[in-house]
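Student: Just one file: query.pdb, with PDB, C-alpha atoms (C1' of nucleotides).
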ATOM      1  CA  MET A1483     151.785  44.736 141.964
ATOM      2  CA  GLY A1484     148.267  45.865 141.170
ATOM      3  CA  LEU A1485     146.838  47.610 138.162
ATOM      4  CA  VAL A1486     146.949  50.999 139.858
ATOM      5  CA  GLU A1487     150.594  50.544 140.791
ATOM      6  CA  ILE A1488     151.390  49.669 137.192
ATOM      7  CA  TYR A1489     149.747  52.844 135.991
ATOM      8  CA  GLN A1490     151.545  54.832 138.677
ATOM      9  CA  CYS A1491     154.793  53.569 137.245
ATOM     10  CA  LEU A1492     153.693  54.505 133.759
ATOM     11  CA  CYS A1493     152.773  58.089 134.474
ATOM     12  CA  ASP A1494     156.253  59.566 134.291
ATOM     13  CA  PRO A1495     158.002  60.151 130.974
ATOM     14  CA  THR A1496     161.428  59.027 132.188
ATOM     15  CA  ARG A1497     160.012  55.765 133.465
ATOM     16  CA  LEU A1498     158.226  55.226 130.171
ATOM     17  CA  ARG A1499     161.495  55.665 128.342
ATOM     18  CA  ILE A1500     163.233  53.241 130.686
ATOM     19  CA  LEU A1501     160.562  50.587 130.230
ATOM     20  CA  ASN A1502     160.582  51.055 126.484
ATOM     21  CA  LEU A1503     164.331  50.468 126.492
ATOM     22  CA  LEU A1504     164.115  47.423 128.734
ATOM     23  CA  LEU A1505     161.562  45.907 126.390
ATOM     24  CA  GLY A1506     164.566  45.447 124.122
ATOM     25  CA  GLY A1507     166.544  43.619 126.789
ATOM     26  CA  GLU A1508     168.464  44.255 129.992
ATOM     27  CA  LEU A1509     170.600  47.336 130.523
ATOM     28  CA  CYS A1510     172.909  48.657 133.208
ATOM     29  CA  VAL A1511     172.384  51.996 134.884
ATOM     30  CA  CYS A1512     175.223  53.735 133.105
ATOM     31  CA  HIS A1513     173.896  52.729 129.720
ATOM     32  CA  LEU A1514     170.462  53.995 130.645
ATOM     33  CA  GLN A1515     172.053  57.189 131.845
ATOM     34  CA  GLU A1516     173.909  57.470 128.572
ATOM     35  CA  ILE A1517     170.901  56.799 126.369
ATOM     36  CA  LEU A1518     168.440  58.931 128.297
ATOM     37  CA  ASP A1519     170.974  61.681 128.772
ATOM     38  CA  GLU A1520     169.751  62.219 132.312
ATOM     39  CA  PRO A1521     171.724  62.586 135.548
ATOM     40  CA  GLN A1522     172.568  59.451 137.491
ATOM     41  CA  VAL A1523     170.408  60.274 140.514
ATOM     42  CA  LYS A1524     167.357  60.708 138.403
ATOM     43  CA  VAL A1525     167.817  57.429 136.564
ATOM     44  CA  SER A1526     168.664  55.587 139.755
ATOM     45  CA  LYS A1527     165.634  56.882 141.601
ATOM     46  CA  HIS A1528     163.237  56.011 138.834
ATOM     47  CA  LEU A1529     164.716  52.528 138.668
ATOM     48  CA  ALA A1530     164.246  52.185 142.419
ATOM     49  CA  TYR A1531     160.650  53.297 142.014
ATOM     50  CA  LEU A1532     160.015  50.701 139.336
ATOM     51  CA  ARG A1533     161.806  48.015 141.271
ATOM     52  CA  ALA A1534     159.874  48.678 144.482
ATOM     53  CA  ARG A1535     156.688  47.977 142.551
ATOM     54  CA  GLY A1536     157.992  44.895 140.781
ATOM     55  CA  LEU A1537     158.063  46.388 137.290
ATOM     56  CA  VAL A1538     161.765  45.666 136.936
ATOM     57  CA  GLU A1539     164.282  43.285 138.450
ATOM     58  CA  ALA A1540     167.958  43.895 139.073
ATOM     59  CA  ARG A1541     171.059  41.823 139.369
ATOM     60  CA  LYS A1542     174.548  42.880 140.204
ATOM     61  CA  GLN A1543     177.463  42.092 137.945
ATOM     62  CA  ALA A1544     180.870  43.273 139.017
ATOM     63  CA  ASN A1545     180.505  46.972 139.479
ATOM     64  CA  TRP A1546     177.231  47.286 137.617
ATOM     65  CA  MET A1547     173.600  46.882 138.344
ATOM     66  CA  ILE A1548     171.773  45.378 135.439
ATOM     67  CA  TYR A1549     168.057  45.996 135.173
ATOM     68  CA  ARG A1550     165.540  44.021 133.211
ATOM     69  CA  LEU A1551     161.826  43.428 133.017
ATOM     70  CA  PRO A1552     160.696  40.550 135.231
ATOM     71  CA  SER A1553     160.864  37.180 133.527
ATOM     72  CA  ARG A1554     157.431  36.179 134.776
ATOM     73  CA  LYS A1555     155.001  39.058 134.419
ATOM     74  CA  PRO A1556     151.398  39.176 135.595
ATOM     75  CA  ARG A1557     148.965  39.419 132.744
ATOM     76  CA  GLU A1558     148.167  43.070 133.422
ATOM     77  CA  LEU A1559     151.815  43.990 133.164
ATOM     78  CA  SER A1560     152.364  42.130 129.914
ATOM     79  CA  ALA A1561     149.253  43.699 128.467
ATOM     80  CA  ASN A1562     150.250  47.191 129.452
ATOM     81  CA  LEU A1563     153.824  46.849 128.275
ATOM     82  CA  ALA A1564     152.597  45.619 124.921
ATOM     83  CA  CYS A1565     150.196  48.537 124.795
ATOM     84  CA  LEU A1566     152.968  50.945 125.685
ATOM     85  CA  GLN A1567     155.231  49.548 123.011
ATOM     86  CA  ASP A1568     152.491  49.941 120.477
ATOM     87  CA  CYS A1569     151.701  53.503 121.561
ATOM     88  CA  VAL A1570     155.262  54.808 121.361
ATOM     89  CA  ARG A1571     156.197  53.032 118.162
ATOM     90  CA  GLU A1572     156.284  56.229 116.153
ATOM     91  CA  ASP A1573     157.249  58.690 118.860
ATOM     92  CA  PRO A1574     160.525  60.461 117.985
ATOM     93  CA  VAL A1575     161.905  60.407 121.535
ATOM     94  CA  PHE A1576     161.277  56.721 122.105
ATOM     95  CA  GLU A1577     162.494  55.892 118.630
ATOM     96  CA  ARG A1578     165.693  57.804 119.173
ATOM     97  CA  ASP A1579     166.246  56.007 122.487
ATOM     98  CA  LEU A1580     166.020  52.669 120.742
ATOM     99  CA  ARG A1581     168.383  53.721 117.991
ATOM    100  CA  LYS A1582     170.831  55.043 120.554
ATOM    101  CA  ARG A1583     170.555  51.775 122.390
ATOM    102  CA  GLY A1584     171.356  49.889 119.250
ATOM    103  CA  SER A1585     174.520  51.877 118.743
ATOM    104  CA  LEU A1586     175.816  50.862 122.191
ATOM    105  CA  GLU A1587     177.262  47.436 122.692
ATOM    106  CA  PRO A1588     176.327  46.099 126.099
ATOM    107  CA  SER A1589     179.730  44.583 126.750
ATOM    108  CA  PHE A1590     178.630  43.198 130.113
ATOM    109  CA  ALA A1591     176.730  40.613 128.142
ATOM    110  CA  GLU A1592     180.060  39.324 126.878
ATOM    111  CA  GLY A1593     181.418  39.003 130.382
ATOM    112  CA  GLY A1594     183.903  41.779 129.760
ATOM    113  CA  PRO A1595     185.204  43.662 132.762
ATOM    114  CA  LEU A1596     183.973  46.979 131.450
ATOM    115  CA  CYS A1597     180.411  48.033 130.918
ATOM    116  CA  CYS A1598     180.485  51.553 129.623
ATOM    117  CA  ALA A1599     183.513  52.647 127.701
ATOM    118  CA  PRO A1600     185.821  54.342 130.200
ATOM    119  CA  THR A1601     186.370  57.270 127.879
ATOM    120  CA  LYS A1602     182.703  58.080 128.032
ATOM    121  CA  ALA A1603     182.083  56.999 131.612
ATOM    122  CA  ALA A1604     184.981  59.138 132.772
ATOM    123  CA  GLN A1605     183.116  62.247 131.728
ATOM    124  CA  PRO A1606     181.645  63.850 134.845
ATOM    125  CA  ALA A1607     178.065  63.055 133.897
ATOM    126  CA  ARG A1608     176.554  65.606 131.530
ATOM    127  CA  ARG A1609     175.209  68.311 133.759
ATOM    128  CA  GLY A1610     174.494  71.393 131.695
ATOM    129  CA  VAL A1611     178.162  72.200 131.509
ATOM    130  CA  ARG A1612     177.658  75.114 129.125
ATOM    131  CA  THR A1613     181.207  76.188 130.101
TER     132      THR A1613
ATOM    133  CA  MET B1166     146.179  64.566 125.729
ATOM    134  CA  GLY B1167     149.529  62.792 125.833
ATOM    135  CA  LEU B1168     150.426  59.288 126.883
ATOM    136  CA  VAL B1169     151.636  60.444 130.289
ATOM    137  CA  GLU B1170     148.402  62.295 130.938
ATOM    138  CA  ILE B1171     146.444  59.191 130.037
ATOM    139  CA  TYR B1172     148.426  57.143 132.533
ATOM    140  CA  GLN B1173     147.983  59.872 135.146
ATOM    141  CA  CYS B1174     144.261  59.479 134.714
ATOM    142  CA  LEU B1175     144.538  55.725 135.040
ATOM    143  CA  CYS B1176     146.506  55.638 138.262
ATOM    144  CA  ASP B1177     143.590  56.104 140.628
ATOM    145  CA  PRO B1178     141.192  53.267 141.434
ATOM    146  CA  THR B1179     138.077  55.436 141.418
ATOM    147  CA  ARG B1180     138.927  56.804 137.997
ATOM    148  CA  LEU B1181     139.537  53.290 136.719
ATOM    149  CA  ARG B1182     136.099  52.257 137.921
ATOM    150  CA  ILE B1183     134.533  55.297 136.268
ATOM    151  CA  LEU B1184     136.221  54.607 132.935
ATOM    152  CA  ASN B1185     135.285  50.954 133.101
ATOM    153  CA  LEU B1186     131.669  51.956 133.602
ATOM    154  CA  LEU B1187     131.725  54.513 130.806
ATOM    155  CA  LEU B1188     133.070  51.849 128.446
ATOM    156  CA  GLY B1189     129.549  50.479 128.691
ATOM    157  CA  GLY B1190     127.981  53.804 127.712
ATOM    158  CA  GLU B1191     127.239  57.236 129.082
ATOM    159  CA  LEU B1192     126.173  57.815 132.676
ATOM    160  CA  CYS B1193     125.101  60.743 134.797
ATOM    161  CA  VAL B1194     126.878  61.730 137.974
ATOM    162  CA  CYS B1195     124.196  60.462 140.303
ATOM    163  CA  HIS B1196     124.261  57.038 138.695
ATOM    164  CA  LEU B1197     128.023  56.906 139.007
ATOM    165  CA  GLN B1198     127.670  57.971 142.616
ATOM    166  CA  GLU B1199     125.107  55.257 143.135
ATOM    167  CA  ILE B1200     127.129  52.507 141.497
ATOM    168  CA  LEU B1201     130.478  53.429 142.982
ATOM    169  CA  ASP B1202     128.962  54.111 146.383
ATOM    170  CA  GLU B1203     131.200  57.125 146.813
ATOM    171  CA  PRO B1204     130.351  60.655 147.967
ATOM    172  CA  GLN B1205     129.290  63.175 145.349
ATOM    173  CA  VAL B1206     132.324  65.435 145.741
ATOM    174  CA  LYS B1207     134.692  62.597 145.138
ATOM    175  CA  VAL B1208     132.951  61.424 141.998
ATOM    176  CA  SER B1209     132.562  64.958 140.718
ATOM    177  CA  LYS B1210     136.198  65.814 141.243
ATOM    178  CA  HIS B1211     137.473  62.703 139.537
ATOM    179  CA  LEU B1212     135.174  63.417 136.606
ATOM    180  CA  ALA B1213     136.550  66.955 136.423
ATOM    181  CA  TYR B1214     140.064  65.518 136.458
ATOM    182  CA  LEU B1215     139.271  63.185 133.594
ATOM    183  CA  ARG B1216     137.455  65.881 131.677
ATOM    184  CA  ALA B1217     140.298  68.392 132.006
ATOM    185  CA  ARG B1218     142.556  65.862 130.305
ATOM    186  CA  GLY B1219     140.093  64.934 127.595
ATOM    187  CA  LEU B1220     139.427  61.383 128.755
ATOM    188  CA  VAL B1221     135.710  62.055 129.091
ATOM    189  CA  GLU B1222     133.200  64.465 127.638
ATOM    190  CA  ALA B1223     130.095  65.859 129.284
ATOM    191  CA  ARG B1224     126.769  67.209 128.213
ATOM    192  CA  LYS B1225     124.009  68.675 130.246
ATOM    193  CA  GLN B1226     120.507  67.289 130.124
ATOM    194  CA  ALA B1227     117.882  68.930 132.277
ATOM    195  CA  ASN B1228     119.289  68.766 135.741
ATOM    196  CA  TRP B1229     121.913  66.176 134.990
ATOM    197  CA  MET B1230     125.406  66.082 133.674
ATOM    198  CA  ILE B1231     125.946  63.080 131.500
ATOM    199  CA  TYR B1232     129.468  61.841 131.018
ATOM    200  CA  ARG B1233     130.774  59.639 128.265
ATOM    201  CA  LEU B1234     134.024  58.650 126.649
ATOM    202  CA  PRO B1235     134.957  60.922 123.740
ATOM    203  CA  SER B1236     133.501  59.816 120.431
ATOM    204  CA  ARG B1237     136.795  60.342 118.606
ATOM    205  CA  LYS B1238     139.675  58.987 120.651
ATOM    206  CA  PRO B1239     143.377  59.213 119.877
ATOM    207  CA  ARG B1240     144.917  55.841 119.192
ATOM    208  CA  GLU B1241     146.752  55.758 122.534
ATOM    209  CA  LEU B1242     143.520  56.267 124.409
ATOM    210  CA  SER B1243     141.651  53.570 122.519
ATOM    211  CA  ALA B1244     144.522  51.174 123.039
ATOM    212  CA  ASN B1245     144.734  51.837 126.749
ATOM    213  CA  LEU B1246     141.012  51.658 127.311
ATOM    214  CA  ALA B1247     140.919  48.319 125.536
ATOM    215  CA  CYS B1248     143.832  47.173 127.649
ATOM    216  CA  LEU B1249     142.095  48.339 130.807
ATOM    217  CA  GLN B1250     138.906  46.554 129.887
ATOM    218  CA  ASP B1251     140.859  43.398 129.286
ATOM    219  CA  CYS B1252     142.756  43.694 132.567
ATOM    220  CA  VAL B1253     139.723  44.189 134.806
ATOM    221  CA  ARG B1254     137.548  41.627 133.115
ATOM    222  CA  GLU B1255     137.691  39.245 136.054
ATOM    223  CA  ASP B1256     138.169  41.693 138.876
ATOM    224  CA  PRO B1257     135.342  41.393 141.419
ATOM    225  CA  VAL B1258     135.029  45.150 142.039
ATOM    226  CA  PHE B1259     134.843  46.091 138.386
ATOM    227  CA  GLU B1260     132.539  43.179 137.663
ATOM    228  CA  ARG B1261     130.223  44.202 140.448
ATOM    229  CA  ASP B1262     130.155  47.772 139.138
ATOM    230  CA  LEU B1263     129.056  46.543 135.750
ATOM    231  CA  ARG B1264     126.377  44.319 137.234
ATOM    232  CA  LYS B1265     125.155  47.186 139.373
ATOM    233  CA  ARG B1266     125.085  49.369 136.316
ATOM    234  CA  GLY B1267     122.988  46.810 134.495
ATOM    235  CA  SER B1268     120.424  46.813 137.261
ATOM    236  CA  LEU B1269     119.902  50.576 136.935
ATOM    237  CA  GLU B1270     117.811  51.905 134.107
ATOM    238  CA  PRO B1271     119.323  55.092 132.774
ATOM    239  CA  SER B1272     115.948  56.758 132.307
ATOM    240  CA  PHE B1273     117.521  59.916 130.935
ATOM    241  CA  ALA B1274     118.136  57.928 127.798
ATOM    242  CA  GLU B1275     114.400  57.593 127.411
ATOM    243  CA  GLY B1276     113.856  61.311 127.729
ATOM    244  CA  GLY B1277     112.135  60.919 131.063
ATOM    245  CA  PRO B1278     112.213  63.854 133.441
ATOM    246  CA  LEU B1279     113.913  61.866 136.173
ATOM    247  CA  CYS B1280     117.360  60.367 136.129
ATOM    248  CA  CYS B1281     117.864  58.654 139.444
ATOM    249  CA  ALA B1282     114.838  57.334 141.207
ATOM    250  CA  PRO B1283     113.766  60.016 143.675
ATOM    251  CA  THR B1284     113.372  57.481 146.443
ATOM    252  CA  LYS B1285     117.051  56.667 146.292
ATOM    253  CA  ALA B1286     118.300  60.105 145.327
ATOM    254  CA  ALA B1287     116.433  61.605 148.249
ATOM    255  CA  GLN B1288     118.733  59.809 150.639
ATOM    256  CA  PRO B1289     121.296  62.294 151.937
ATOM    257  CA  ALA B1290     124.206  60.641 150.151
ATOM    258  CA  ARG B1291     125.584  57.627 152.015
ATOM    259  CA  ARG B1292     128.098  59.097 154.387
ATOM    260  CA  GLY B1293     128.956  56.549 157.051
ATOM    261  CA  VAL B1294     125.758  57.224 158.930
ATOM    262  CA  ARG B1295     126.379  54.438 161.473
ATOM    263  CA  THR B1296     123.507  55.999 163.498
TER     264      THR B1296
ATOM    265  C1'  DG C 100     194.451  50.205 152.042
ATOM    266  C1'  DA C 101     194.050  54.164 148.772
ATOM    267  C1'  DG C 102     191.732  55.784 145.214
ATOM    268  C1'  DG C 103     188.491  55.353 141.480
ATOM    269  C1'  DT C 104     184.076  53.769 139.403
ATOM    270  C1'  DA C 105     179.114  52.541 139.641
ATOM    271  C1'  DT C 106     175.172  52.980 142.055
ATOM    272  C1'  DA C 107     172.087  54.073 145.950
ATOM    273  C1'  DT C 108     170.271  56.880 149.557
ATOM    274  C1'  DA C 109     169.371  60.891 152.783
ATOM    275  C1'  DC C 110     167.825  65.249 152.841
ATOM    276  C1'  DC C 111     165.543  69.378 151.017
ATOM    277  C1'  DT C 112     162.141  71.993 148.257
ATOM    278  C1'  DG C 113     158.409  72.737 145.334
ATOM    279  C1'  DT C 114     154.357  70.929 143.258
ATOM    280  C1'  DA C 115     150.593  67.742 142.476
ATOM    281  C1'  DT C 116     146.961  65.341 144.235
ATOM    282  C1'  DA C 117     143.418  62.937 147.140
ATOM    283  C1'  DA C 118     139.858  63.483 150.284
ATOM    284  C1'  DG C 119     136.973  66.050 153.210
ATOM    285  C1'  DT C 120     133.862  70.271 154.628
ATOM    286  C1'  DA C 121     131.408  73.951 153.251
ATOM    287  C1'  DT C 122     129.402  76.656 149.855
ATOM    288  C1'  DG C 123     128.029  78.163 145.245
ATOM    289  C1'  DT C 124     125.413  77.649 140.890
ATOM    290  C1'  DA C 125     122.017  76.060 137.689
ATOM    291  C1'  DC C 126     117.908  74.122 136.975
ATOM    292  C1'  DT C 127     113.126  72.385 138.331
ATOM    293  C1'  DA C 128     108.814  72.347 140.533
ATOM    294  C1'  DT C 129     105.382  74.473 143.131
TER     295       DT C 129
ATOM    296  C1'  DA D 544     109.662  83.741 145.076
ATOM    297  C1'  DT D 545     110.868  79.436 147.613
ATOM    298  C1'  DA D 546     112.597  75.238 148.143
ATOM    299  C1'  DG D 547     114.682  71.154 146.483
ATOM    300  C1'  DT D 548     117.747  68.526 143.314
ATOM    301  C1'  DA D 549     122.124  67.804 140.760
ATOM    302  C1'  DC D 550     126.452  69.128 140.305
ATOM    303  C1'  DA D 551     130.706  71.939 140.781
ATOM    304  C1'  DT D 552     134.124  74.566 143.150
ATOM    305  C1'  DA D 553     136.854  76.909 146.957
ATOM    306  C1'  DC D 554     139.338  75.911 150.739
ATOM    307  C1'  DT D 555     141.991  72.984 153.882
ATOM    308  C1'  DT D 556     145.067  69.146 155.251
ATOM    309  C1'  DA D 557     147.908  65.303 154.532
ATOM    310  C1'  DT D 558     150.618  62.757 151.508
ATOM    311  C1'  DA D 559     153.233  61.505 147.385
ATOM    312  C1'  DC D 560     156.484  62.516 144.346
ATOM    313  C1'  DA D 561     159.981  64.747 141.183
ATOM    314  C1'  DG D 562     164.242  66.823 140.967
ATOM    315  C1'  DG D 563     168.394  68.562 142.932
ATOM    316  C1'  DT D 564     172.728  68.456 146.170
ATOM    317  C1'  DA D 565     175.475  65.979 148.977
ATOM    318  C1'  DT D 566     177.002  61.762 150.755
ATOM    319  C1'  DA D 567     177.250  56.834 151.497
ATOM    320  C1'  DT D 568     178.070  52.060 149.936
ATOM    321  C1'  DA D 569     179.974  48.378 147.221
ATOM    322  C1'  DC D 570     183.179  46.837 144.243
ATOM    323  C1'  DC D 571     187.448  46.977 141.570
ATOM    324  C1'  DT D 572     192.382  48.132 140.661
ATOM    325  C1'  DC D 573     196.643  48.874 142.065
TER     326       DC D 573
END
Hey, can you dump this file as structure tokens for me?

Tutor:
Amino acid sequence: MGLVEIYQCLCDPTRLRILNLLLGGELCVCHLQEILDEPQVKVSKHLAYLRARGLVEARKQANWMIYRLPSRKPRELSANLACLQDCVREDPVFERDLRKRGSLEPSFAEGGPLCCAPTKAAQPARRGVRT
Amino acid sequence: MGLVEIYQCLCDPTRLRILNLLLGGELCVCHLQEILDEPQVKVSKHLAYLRARGLVEARKQANWMIYRLPSRKPRELSANLACLQDCVREDPVFERDLRKRGSLEPSFAEGGPLCCAPTKAAQPARRGVRT
DNA sequence: GAGGTATATACCTGTATAAGTATGTACTAT
DNA sequence: ATAGTACATACTTATACAGGTATATACCTC
């Protein structure tokens, strides 16, 4: 991962939101989907993009893929993530993401069999239903 | 200029080198060309890219266009430029650029009629001559 | 093993962008 | 006026990428 690749990862708003969320700790795809309110494909592809460049790591737990920032980060990555966090501190979108994240309880951390609440996960992924 | 646009500007190596150089003060296109050892079109287009997004400003002096970082920068830009400067501090390419810059005397700053030395500028722009 | 859930991937389309060639424009000097 | 210098822009080509639809894969439950 070079500096340019880091910046390439940072130049998409969805990826910025994902990284901002992961700065608060690991999350599974369905929680990201839920918080970002974006379709699964979109979230999944951006995560793959980040992962291919080493900006995030993933592990599998039961049915879920749990993403997190790498434990050992090169200096440039740490610096840029800190900078990002500072830059978005007062941005309404990023703030709202963090609040929304706080209201979810990542039950996978407790070893429970369910990640997202089935009642919510059962919904066919918000896709401009507008009846 | 938003955060994403800033990162878009930062995700090209030539633009990173340009910004790193401008952190040391204003420069004209021919000096940038000289230091970066890149063809004029390339330098000019990257400068236009940066300028369109507000990352650099330009003024005309005699025959030369002199580029500089904006005097009043949004917080996100200042933060990211500082971060960039910190990240490239020990990179051989960026270091060499700065050394090369130091060896040039920006004579336009002294009000002289010539910017680049005519002996060098007269060369038909290094373009893989390989005889 | 049948069906459901969570996630990834293949494929398609439109758009952005990088780099090059050629040309245009603005200014200077003579 | 002519020619040269410094810079920008139009045009072209190749590539990356974002977003969508459809489908595949892996795992779990029963």

Student: Using only C-alpha atoms, determine which residues of chain B fall within 9 Å of chain A; present them as a list in words.

Tutor: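 Those within range of chain A come out as Leu1168, Val1169, Glu1170, Ile1171, Tyr1172, Gln1173, Cys1174, Leu1175, Cys1176, Asp1177, Pro1178, Leu1181, Arg1240, Glu1241, Ala1244, Asn1245, Cys1248, Leu1249, Asp1251, Cys1252 and Val1253 of chain B.
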
Student: Taking 5 positions as the minimum chain separation for residues in the same chain, which residues sit within 8 Å of Asn1545 (chain A) when counting only C-alpha atoms (C1' of nucleotides)? Answer as a list in words.

Tutor: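 Close residues of Asn1545 (chain A): DT104 and DA105 of chain C; DA569, DC570 and DC571 of chain D.
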
Student: At a cut-off of 10 Å, list the chain C residues touching chain B, using all atoms listed in the file, as a ChimeraX atom specification.

Tutor: /C:117-119,125-127

Student: Should the cut-off be 10 Å, what would the residue list for chain D against chain B look like, counting only C-alpha atoms (C1' of nucleotides), as a compact mmCIF listing (two decimals) with C-alpha atoms (C1' of nucleotides), in the coordinates of the input?

Tutor:
# COMPACT_ATOMS: atom_id res chain seq x y z
C1' DG D 547 114.68 71.15 146.48
C1' DT D 548 117.75 68.53 143.31
C1' DA D 549 122.12 67.80 140.76
C1' DC D 550 126.45 69.13 140.30
C1' DA D 551 130.71 71.94 140.78
C1' DT D 552 134.12 74.57 143.15

Student: Could you name the residues that touch DT568 (chain D) at 10 Å or less, counting all atoms listed in the file, but leaving out those on the same chain fewer than 6 positions away, as a PyMOL selection string?

Tutor: chain C and resi 106-108

Student: Would you write out, as a list of chain:residue names, every residue that the PyMOL selection byres ((chain B and resi 1218-1223) around 8) captures in this file?

Tutor: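 Those residues are B:Met1166, B:Glu1170, B:Ile1171, B:Cys1174, B:Leu1212, B:Tyr1214, B:Leu1215, B:Arg1216, B:Ala1217, B:Arg1224, B:Lys1225, B:Met1230, B:Ile1231, B:Tyr1232, B:Arg1233, B:Leu1234, B:Pro1235, B:Leu1242.
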
Student: Going by the chain IDs and residue numbers used in this file, which residues fall under the PyMOL selection byres ((chain C and resi 109) around 9)? Write them as a short mmCIF file (atom, residue, chain, number, x, y, z; two decimals) with C-alpha atoms (C1' of nucleotides), in the coordinates of the input.

Tutor:
data_model
loop_
_atom_site.label_atom_id
_atom_site.label_comp_id
_atom_site.auth_asym_id
_atom_site.auth_seq_id
_atom_site.Cartn_x
_atom_site.Cartn_y
_atom_site.Cartn_z
"C1'" DT C 108 170.27 56.88 149.56
"C1'" DC C 110 167.82 65.25 152.84
"C1'" DA D 565 175.48 65.98 148.98
"C1'" DT D 566 177.00 61.76 150.76
"C1'" DA D 567 177.25 56.83 151.50
#

Student: Find the distance between CA of Leu1263 (chain B) and CA of Gln1567 (chain A) and write it in Å to one decimal.

Tutor: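 Between CA of Leu1263 (chain B) and CA of Gln1567 (chain A) the gap works out to 29.3 Å.
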
Student: Counting only C-alpha atoms (C1' of nucleotides), which of D:DC573, D:DC560, D:DC554, D:DA544 gets nearest to DT114 (chain C)?

Tutor: D:DC560

Student: Run the PyMOL selection byres ((chain D and resi 558) around 9) mentally over the shown coordinates, then write out the matched residues as a ChimeraX atom specification, using the chain letters and numbers from the document.

Tutor: /C:116-117 /D:557,559

Student: Please measure the separation of CA of Arg1180 (chain B) and CA of Glu1255 (chain B), giving the value in Å to one decimal.

Tutor: 17.7 Å

Student: Between A:Leu1509, A:Ile1500, A:Val1525, A:Leu1563, which has the minimum distance to Asp1579 (chain A) (counting all atoms listed in the file)?

Tutor: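 Nearest candidate to Asp1579 (chain A) out of A:Leu1509, A:Ile1500, A:Val1525, A:Leu1563: A:Ile1500.
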
Student: What's the separation between C1' of DA128 (chain C) and CA of Glu1199 (chain B), in Å to one decimal place?

Tutor: 23.8 Å
